[in-house]
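*Asks:* Okay, so here is my_file-v4.cif, and as you'll see once you scroll down, it has mmCIF, C-alpha atoms.
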data_input
loop_
_atom_site.label_atom_id
_atom_site.label_comp_id
_atom_site.auth_asym_id
_atom_site.auth_seq_id
_atom_site.Cartn_x
_atom_site.Cartn_y
_atom_site.Cartn_z
CA MET W 1 -27.13 16.54 -1.41
CA LYS W 2 -23.81 15.41 -2.82
CA LYS W 3 -21.44 13.65 -0.53
CA VAL W 4 -18.16 15.48 0.00
CA VAL W 5 -15.19 13.16 -0.16
CA TYR W 6 -11.72 14.26 0.89
CA ILE W 7 -8.56 12.81 -0.61
CA VAL W 8 -5.20 12.42 1.11
CA LYS W 9 -2.65 14.88 -0.28
CA PRO W 10 0.91 13.50 0.10
CA GLY W 11 2.43 16.98 -0.16
CA PHE W 12 5.64 15.93 -1.92
CA THR W 13 5.92 19.01 -4.17
CA ARG W 14 9.31 20.60 -3.46
CA VAL W 15 9.49 18.76 -0.16
CA THR W 16 12.93 18.82 1.45
CA PHE W 17 14.63 15.87 3.12
CA LYS W 18 14.08 17.31 6.60
CA ALA W 19 10.48 18.28 5.83
CA LEU W 20 9.66 14.74 4.67
CA VAL W 21 11.20 13.29 7.81
CA GLY W 22 9.10 15.71 9.86
CA LYS W 23 5.90 14.81 7.99
CA ALA W 24 6.48 11.11 8.46
CA ARG W 25 7.26 11.40 12.16
CA ASN W 26 4.27 13.65 12.77
CA SER W 27 1.94 11.11 11.14
CA VAL W 28 3.46 8.28 13.19
CA THR W 29 2.88 10.28 16.39
CA MET W 30 -0.71 11.16 15.49
CA MET W 31 -1.62 7.65 14.32
CA THR W 32 -0.12 5.88 17.33
CA GLY W 33 -3.03 4.84 19.54
CA ASN W 34 -5.52 6.46 17.12
CA PRO W 35 -8.62 4.19 17.08
CA ALA W 36 -9.35 5.14 13.46
CA PHE W 37 -6.17 3.37 12.36
CA ALA W 38 -6.01 0.02 14.11
CA THR W 39 -3.68 -1.79 11.70
CA PRO W 40 -1.56 0.69 9.72
CA ASN W 41 -0.10 -0.70 6.50
CA PRO W 42 2.83 -0.14 6.17
CA SER W 43 3.55 -0.38 9.87
CA LEU W 44 4.36 2.78 11.80
CA ALA W 45 7.61 1.15 12.91
CA SER W 46 8.73 0.77 9.29
CA VAL W 47 7.90 4.42 8.56
CA THR W 48 9.90 5.52 11.61
CA ALA W 49 12.84 3.36 10.55
CA ALA W 50 12.77 4.88 7.06
CA ALA W 51 12.64 8.40 8.52
CA ASP W 52 15.62 7.62 10.77
CA LYS W 53 17.52 6.25 7.77
CA LEU W 54 16.87 9.37 5.67
CA GLU W 55 17.84 11.70 8.51
CA ALA W 56 21.09 9.80 9.07
CA ALA W 57 21.83 9.75 5.33
CA ASP W 58 21.22 13.50 5.07
CA ASP W 59 23.52 14.19 8.02
CA THR W 60 26.22 11.98 6.50
CA TYR W 61 26.02 13.74 3.14
CA ASN W 62 26.13 17.20 4.72
CA PHE W 63 29.28 16.14 6.59
CA THR W 64 31.14 14.26 3.83
CA ARG W 65 29.69 15.61 0.55
CA SER W 66 30.72 12.32 -1.05
CA LYS W 67 29.07 10.77 -4.13
CA LEU W 68 28.30 7.59 -2.19
CA ALA W 69 26.57 9.57 0.56
CA LEU W 70 24.61 11.48 -2.08
CA THR W 71 23.39 8.21 -3.61
CA ASP W 72 22.48 6.79 -0.20
CA ARG W 73 20.50 9.91 0.64
CA GLY W 74 18.61 9.77 -2.65
CA ASN W 75 17.70 6.11 -2.12
CA ALA W 76 16.57 6.77 1.45
CA PHE W 77 14.49 9.74 0.23
CA ALA W 78 12.74 7.58 -2.38
CA ASP W 79 12.13 4.79 0.13
CA LEU W 80 10.48 7.12 2.64
CA LYS W 81 8.37 8.74 -0.08
CA ASN W 82 7.07 5.34 -1.18
CA LEU W 83 6.28 4.26 2.37
CA TYR W 84 4.53 7.54 3.18
CA ARG W 85 2.52 7.31 -0.05
CA ASP W 86 1.42 3.77 0.87
CA LEU W 87 0.55 4.96 4.38
CA GLY W 88 -1.57 7.70 2.80
CA ALA W 89 -3.39 5.06 0.75
CA TYR W 90 -4.15 3.14 3.93
CA VAL W 91 -5.41 6.32 5.64
CA GLN W 92 -7.62 7.07 2.63
CA VAL W 93 -9.36 3.72 2.85
CA ALA W 94 -9.60 3.67 6.64
CA SER W 95 -10.96 7.23 6.80
CA GLU W 96 -13.66 6.65 4.17
CA GLY W 97 -12.80 10.13 2.82
CA LYS W 98 -13.67 11.96 6.05
CA LYS W 99 -11.64 15.14 6.45
CA GLU W 100 -11.33 15.07 10.22
CA VAL W 101 -10.17 11.46 10.21
CA ILE W 102 -7.52 12.09 7.55
CA GLU W 103 -6.29 15.15 9.43
CA SER W 104 -6.11 13.10 12.64
CA ALA W 105 -3.35 11.13 10.87
CA GLY W 106 -1.35 14.33 10.37
CA MET W 107 -2.04 14.37 6.64
CA ASP W 108 -3.30 17.11 4.35
CA VAL W 109 -6.47 16.79 2.28
CA VAL W 110 -7.86 17.80 -1.09
CA ARG W 111 -11.62 18.22 -1.40
CA ARG W 112 -13.44 16.25 -4.03
CA PRO W 113 -17.07 17.42 -4.32
CA GLU W 114 -18.37 14.24 -5.93
CA PRO W 115 -17.74 10.69 -4.81
CA PRO W 116 -15.33 8.95 -7.19
CA ALA W 117 -16.38 5.90 -9.10
CA LEU W 118 -15.53 2.44 -7.88
CA PRO W 119 -12.29 1.13 -9.40
CA PRO W 120 -12.73 -1.61 -12.00
CA ALA W 121 -11.83 -5.19 -11.20
CA PRO W 122 -8.16 -5.91 -11.91
CA LEU W 123 -7.53 -7.73 -15.20
CA ASN W 124 -4.92 -10.19 -16.42
CA VAL W 125 -4.44 -11.95 -13.10
CA MET W 126 -1.73 -14.60 -13.44
CA ALA W 127 -0.34 -17.09 -10.93
CA THR W 128 2.96 -18.83 -11.59
CA ALA W 129 4.87 -21.30 -9.45
CA THR W 130 8.49 -20.27 -8.90
CA ILE W 131 11.51 -22.57 -8.85
CA TYR W 132 11.45 -22.46 -5.06
CA HIS W 133 9.38 -24.84 -2.97
CA GLY W 134 6.05 -23.51 -1.75
CA GLU W 135 6.13 -20.19 -3.63
CA VAL W 136 3.72 -18.74 -6.19
CA LEU W 137 4.09 -15.35 -7.88
CA VAL W 138 0.74 -13.59 -8.48
CA ARG W 139 0.59 -10.64 -10.90
CA TRP W 140 -2.26 -8.48 -12.20
CA GLY W 141 -2.97 -5.40 -14.28
CA ALA W 142 -3.43 -1.92 -12.84
CA SER W 143 -6.91 -0.74 -11.84
CA LYS W 144 -7.63 2.95 -12.39
CA GLY W 145 -8.59 4.81 -9.24
CA ARG W 146 -7.26 2.17 -6.85
CA ARG W 147 -5.48 2.99 -3.61
CA ILE W 148 -4.52 -0.53 -2.62
CA TYR W 149 -5.21 -4.09 -3.74
CA LYS W 150 -6.52 -6.97 -1.65
CA LEU W 151 -5.25 -10.42 -2.59
CA TYR W 152 -7.41 -13.44 -1.78
CA GLN W 153 -6.51 -17.13 -1.84
CA THR W 154 -8.47 -20.38 -1.80
CA GLU W 155 -7.59 -24.05 -1.81
CA GLY W 156 -11.09 -24.98 -2.94
CA ASP W 157 -13.19 -24.46 -6.03
CA PRO W 158 -12.39 -20.94 -7.32
CA SER W 159 -15.83 -20.66 -8.93
CA LEU W 160 -17.44 -20.63 -5.48
CA GLU W 161 -17.77 -17.51 -3.32
CA THR W 162 -16.96 -19.46 -0.16
CA GLY W 163 -13.49 -20.42 1.00
CA TRP W 164 -11.65 -17.27 -0.05
CA GLU W 165 -9.16 -15.89 2.48
CA LEU W 166 -7.61 -12.40 2.47
CA ILE W 167 -3.83 -12.93 2.55
CA ALA W 168 -2.37 -9.52 1.69
CA GLU W 169 -2.99 -5.82 1.07
CA THR W 170 -0.53 -4.03 -1.18
CA GLY W 171 -0.04 -1.01 -3.38
CA LYS W 172 1.88 -3.06 -5.92
CA ASN W 173 0.71 -5.15 -8.87
CA ARG W 174 2.36 -8.36 -7.74
CA MET W 175 2.78 -10.51 -4.67
CA LEU W 176 5.09 -13.43 -3.94
CA VAL W 177 3.07 -15.87 -1.84
CA LYS W 178 5.24 -18.11 0.32
CA GLY W 179 4.76 -21.01 2.70
CA LEU W 180 2.41 -22.97 0.46
CA GLU W 181 2.11 -26.75 0.52
CA ARG W 182 4.12 -28.45 -2.20
CA PHE W 183 2.24 -29.97 -5.16
CA LYS W 184 -1.00 -28.38 -4.01
CA THR W 185 -3.07 -26.15 -6.29
CA TYR W 186 -4.07 -22.70 -5.07
CA SER W 187 -6.28 -20.09 -6.67
CA PHE W 188 -6.00 -16.32 -6.30
CA ARG W 189 -8.13 -13.29 -7.08
CA VAL W 190 -7.67 -9.57 -6.54
CA VAL W 191 -9.95 -6.72 -5.42
CA ALA W 192 -9.02 -3.08 -6.05
CA VAL W 193 -9.85 -0.64 -3.24
CA GLY W 194 -10.40 3.05 -4.03
CA ALA W 195 -11.75 6.09 -2.27
CA ALA W 196 -15.33 5.06 -3.10
CA GLY W 197 -14.98 1.44 -2.01
CA GLU W 198 -14.02 -1.95 -3.40
CA SER W 199 -14.17 -3.21 -6.98
CA PRO W 200 -15.72 -6.53 -7.94
CA ALA W 201 -13.33 -9.45 -7.56
CA SER W 202 -11.08 -10.25 -10.51
CA ASP W 203 -11.18 -13.53 -12.37
CA ALA W 204 -9.29 -16.27 -10.53
CA ALA W 205 -5.86 -17.57 -11.49
CA SER W 206 -4.48 -20.90 -10.26
CA ALA W 207 -1.07 -22.47 -9.84
CA THR W 208 0.41 -25.58 -8.26
CA ALA W 209 3.22 -24.91 -5.81
CA ALA W 210 6.49 -26.66 -6.64
#
Translate this structure into structure tokens?

*Replies:*
Amino acid sequence: MKKVVYIVKPGFTRVTFKALVGKARNSVTMMTGNPAFATPNPSLASVTAAADKLEAADDTYNFTRSKLALTDRGNAFADLKNLYRDLGAYVQVASEGKKEVIESAGMDVVRRPEPPALPPAPLNVMATATIYHGEVLVRWGASKGRRIYKLYQTEGDPSLETGWELIAETGKNRMLVKGLERFKTYSFRVVAVGAAGESPASDAASATAA
């Protein structure tokens, strides 16, 4: 029997400003205190703040009809879309593709009759020290089918499986790592997370913090 996997459907097609605010706030309400979503990423507070910002920007534009207000509303709309999309990626991973769990976050689903393949390991991982003390910029190539990436760091031998520490989860293909010890070498690797699970770890990239 084939496993039925459900995929989060953002529902952005022809969505209005007010409808997006409503979607975001409904998900925040339904995810608050929901044991299936212990550590939402992005935080529910940040989603609420973005919804408040879009609502205020829409009200301002409707009152003033100015070009500046129009630009502000468009930026706030894009910001909330991006946050809600990232929240949907978190829900996808946390729900393990279970319809009832996704719907408990106030999100719509699309049925996928066959489990998707694991995403491939991210390629072209690069770590570069910035001009600022204790900062390293880590970048990597996109992994097809990913929802989020997990970034790991080690101060030890990167060829060993021990010593790796998860330091971030992100939907982006880069991360600025701060607070590192100066003149110390750090290694990084990335794991792509999709609806079917996690990819193998990428090759490691190392850099010495300035």

*Asks:* Starting from the displayed file, determine the output of the PyMOL selection byres ((chain W and resi 23) around 12) and express the residue list as a ChimeraX atom specification.

*Replies:* /W:9-12,15-22,24-30,47-48,51,80-81,83-85,87-88,105-108

*Asks:* Any idea what's packed within 12 Å of Gly163 of chain W, counting all atoms listed in the file, ignoring anything in its chain fewer than 4 positions away? Could you give it as number ranges by chain?

*Replies:* W: 152-159, 186-188

*Asks:* What is the atom CA of Ala129 of chain W-atom CA of Glu165 of chain W distance in Å, reported with one decimal?

*Replies:* 19.2 Å

*Asks:* From the set W:Ser104, W:Thr208, W:Asn75, W:Ser202, which residue has the shortest atom-to-atom contact distance to Lys53 of chain W, counting all atoms listed in the file?

*Replies:*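 For Lys53 of chain W, the nearest of the given residues is W:Asn75.
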
*Asks:* Considering all atoms listed in the file, tabulate each residue of segment 73-164 of chain W that lies at most 9 Å from segment 180-183 of chain W along with its nearest interatomic pair and the corresponding distance in Å to one decimal; arrange the rows by chain and ascending residue number and present them as JSON lines.

*Replies:*
{"residue": "W:His133", "atom": "CA", "partner": "W:Arg182", "partner_atom": "CA", "distance": 6.4}
{"residue": "W:Gly134", "atom": "CA", "partner": "W:Leu180", "partner_atom": "CA", "distance": 4.3}
{"residue": "W:Glu135", "atom": "CA", "partner": "W:Leu180", "partner_atom": "CA", "distance": 6.2}
{"residue": "W:Val136", "atom": "CA", "partner": "W:Leu180", "partner_atom": "CA", "distance": 8.0}

*Asks:* Show me, as a ChimeraX atom specification, the residues that have an atom within 8 Å of Gly194 of chain W when counting only C-alpha atoms, minus same-chain residues fewer than 5 positions from it.

*Replies:* /W:93,118-119,145-148,199

*Asks:* Check the smallest atom-to-atom distance from each of W:Gly171, W:Gly197, W:Pro42, W:Gly97 to Ile7 of chain W using all atoms listed in the file, then report the winner.

*Replies:* W:Gly97

*Asks:* One number please: atom CA of Leu160 of chain W to atom CA of Ala117 of chain W, in Å, one decimal.

*Replies:* 26.8 Å

*Asks:* Write out as a PyMOL selection string the residues lying within 7 Å of Tyr149 of chain W, counting all atoms listed in the file and excluding same-chain residues fewer than 5 positions away.

*Replies:* chain W and resi 169-171+190-193

*Asks:* Expand the PyMOL selection byres ((chain W and resi 95) around 10) into the explicit residue set it covers here, and present it as a PyMOL selection string.

*Replies:* chain W and resi 6-8+36-37+89-94+96-105+195

*Asks:* Could the residues in this selection be saved with C-alpha atoms as a compact mmCIF listing (two decimals), in the frame of the given file?

*Replies:*
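Written out: out30.txt:
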# COMPACT_ATOMS: atom_id res chain seq x y z
CA TYR W 6 -11.72 14.26 0.89
CA ILE W 7 -8.56 12.81 -0.61
CA VAL W 8 -5.20 12.42 1.11
CA ALA W 36 -9.35 5.14 13.46
CA PHE W 37 -6.17 3.37 12.36
CA ALA W 89 -3.39 5.06 0.75
CA TYR W 90 -4.15 3.14 3.93
CA VAL W 91 -5.41 6.32 5.64
CA GLN W 92 -7.62 7.07 2.63
CA VAL W 93 -9.36 3.72 2.85
CA ALA W 94 -9.60 3.67 6.64
CA GLU W 96 -13.66 6.65 4.17
CA GLY W 97 -12.80 10.13 2.82
CA LYS W 98 -13.67 11.96 6.05
CA LYS W 99 -11.64 15.14 6.45
CA GLU W 100 -11.33 15.07 10.22
CA VAL W 101 -10.17 11.46 10.21
CA ILE W 102 -7.52 12.09 7.55
CA GLU W 103 -6.29 15.15 9.43
CA SER W 104 -6.11 13.10 12.64
CA ALA W 105 -3.35 11.13 10.87
CA ALA W 195 -11.75 6.09 -2.27

*Asks:* Go ahead and compute the interatomic distance for atom CA of Pro40 of chain W and atom CA of Trp140 of chain W, in Å to one decimal.

*Replies:*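 Atom-to-atom, atom CA of Pro40 of chain W and atom CA of Trp140 of chain W are spaced 23.8 Å apart.
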
*Asks:* Hey, what comes out of the PyMOL selection byres ((chain W and resi 66-74) around 9) on this file? Could you write it as a list in words?

*Replies:* Phe17, Lys53, Leu54, Glu55, Ala56, Ala57, Asp58, Thr60, Tyr61, Asn62, Phe63, Thr64, Arg65, Asn75, Ala76, Phe77, Ala78 and Asp79 of chain W

*Asks:* With C-alpha atoms retained, could you export that selection as a PDB file, in the frame of the given file?

*Replies:*
ATOM      1  CA  PHE W  17      14.630  15.870   3.120  1.00  0.00           C
ATOM      2  CA  LYS W  53      17.520   6.250   7.770  1.00  0.00           C
ATOM      3  CA  LEU W  54      16.870   9.370   5.670  1.00  0.00           C
ATOM      4  CA  GLU W  55      17.840  11.700   8.510  1.00  0.00           C
ATOM      5  CA  ALA W  56      21.090   9.800   9.070  1.00  0.00           C
ATOM      6  CA  ALA W  57      21.830   9.750   5.330  1.00  0.00           C
ATOM      7  CA  ASP W  58      21.220  13.500   5.070  1.00  0.00           C
ATOM      8  CA  THR W  60      26.220  11.980   6.500  1.00  0.00           C
ATOM      9  CA  TYR W  61      26.020  13.740   3.140  1.00  0.00           C
ATOM     10  CA  ASN W  62      26.130  17.200   4.720  1.00  0.00           C
ATOM     11  CA  PHE W  63      29.280  16.140   6.590  1.00  0.00           C
ATOM     12  CA  THR W  64      31.140  14.260   3.830  1.00  0.00           C
ATOM     13  CA  ARG W  65      29.690  15.610   0.550  1.00  0.00           C
ATOM     14  CA  ASN W  75      17.700   6.110  -2.120  1.00  0.00           C
ATOM     15  CA  ALA W  76      16.570   6.770   1.450  1.00  0.00           C
ATOM     16  CA  PHE W  77      14.490   9.740   0.230  1.00  0.00           C
ATOM     17  CA  ALA W  78      12.740   7.580  -2.380  1.00  0.00           C
ATOM     18  CA  ASP W  79      12.130   4.790   0.130  1.00  0.00           C
TER      19      ASP W  79
END

*Asks:* Taking into account all atoms listed in the file, which residue in the set W:Leu44, W:Val125, W:Ile167, W:Ala204 is nearest to Ala142 of chain W?

*Replies:*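 Ranking W:Leu44, W:Val125, W:Ile167, W:Ala204 by distance to Ala142 of chain W, first place goes to W:Val125.
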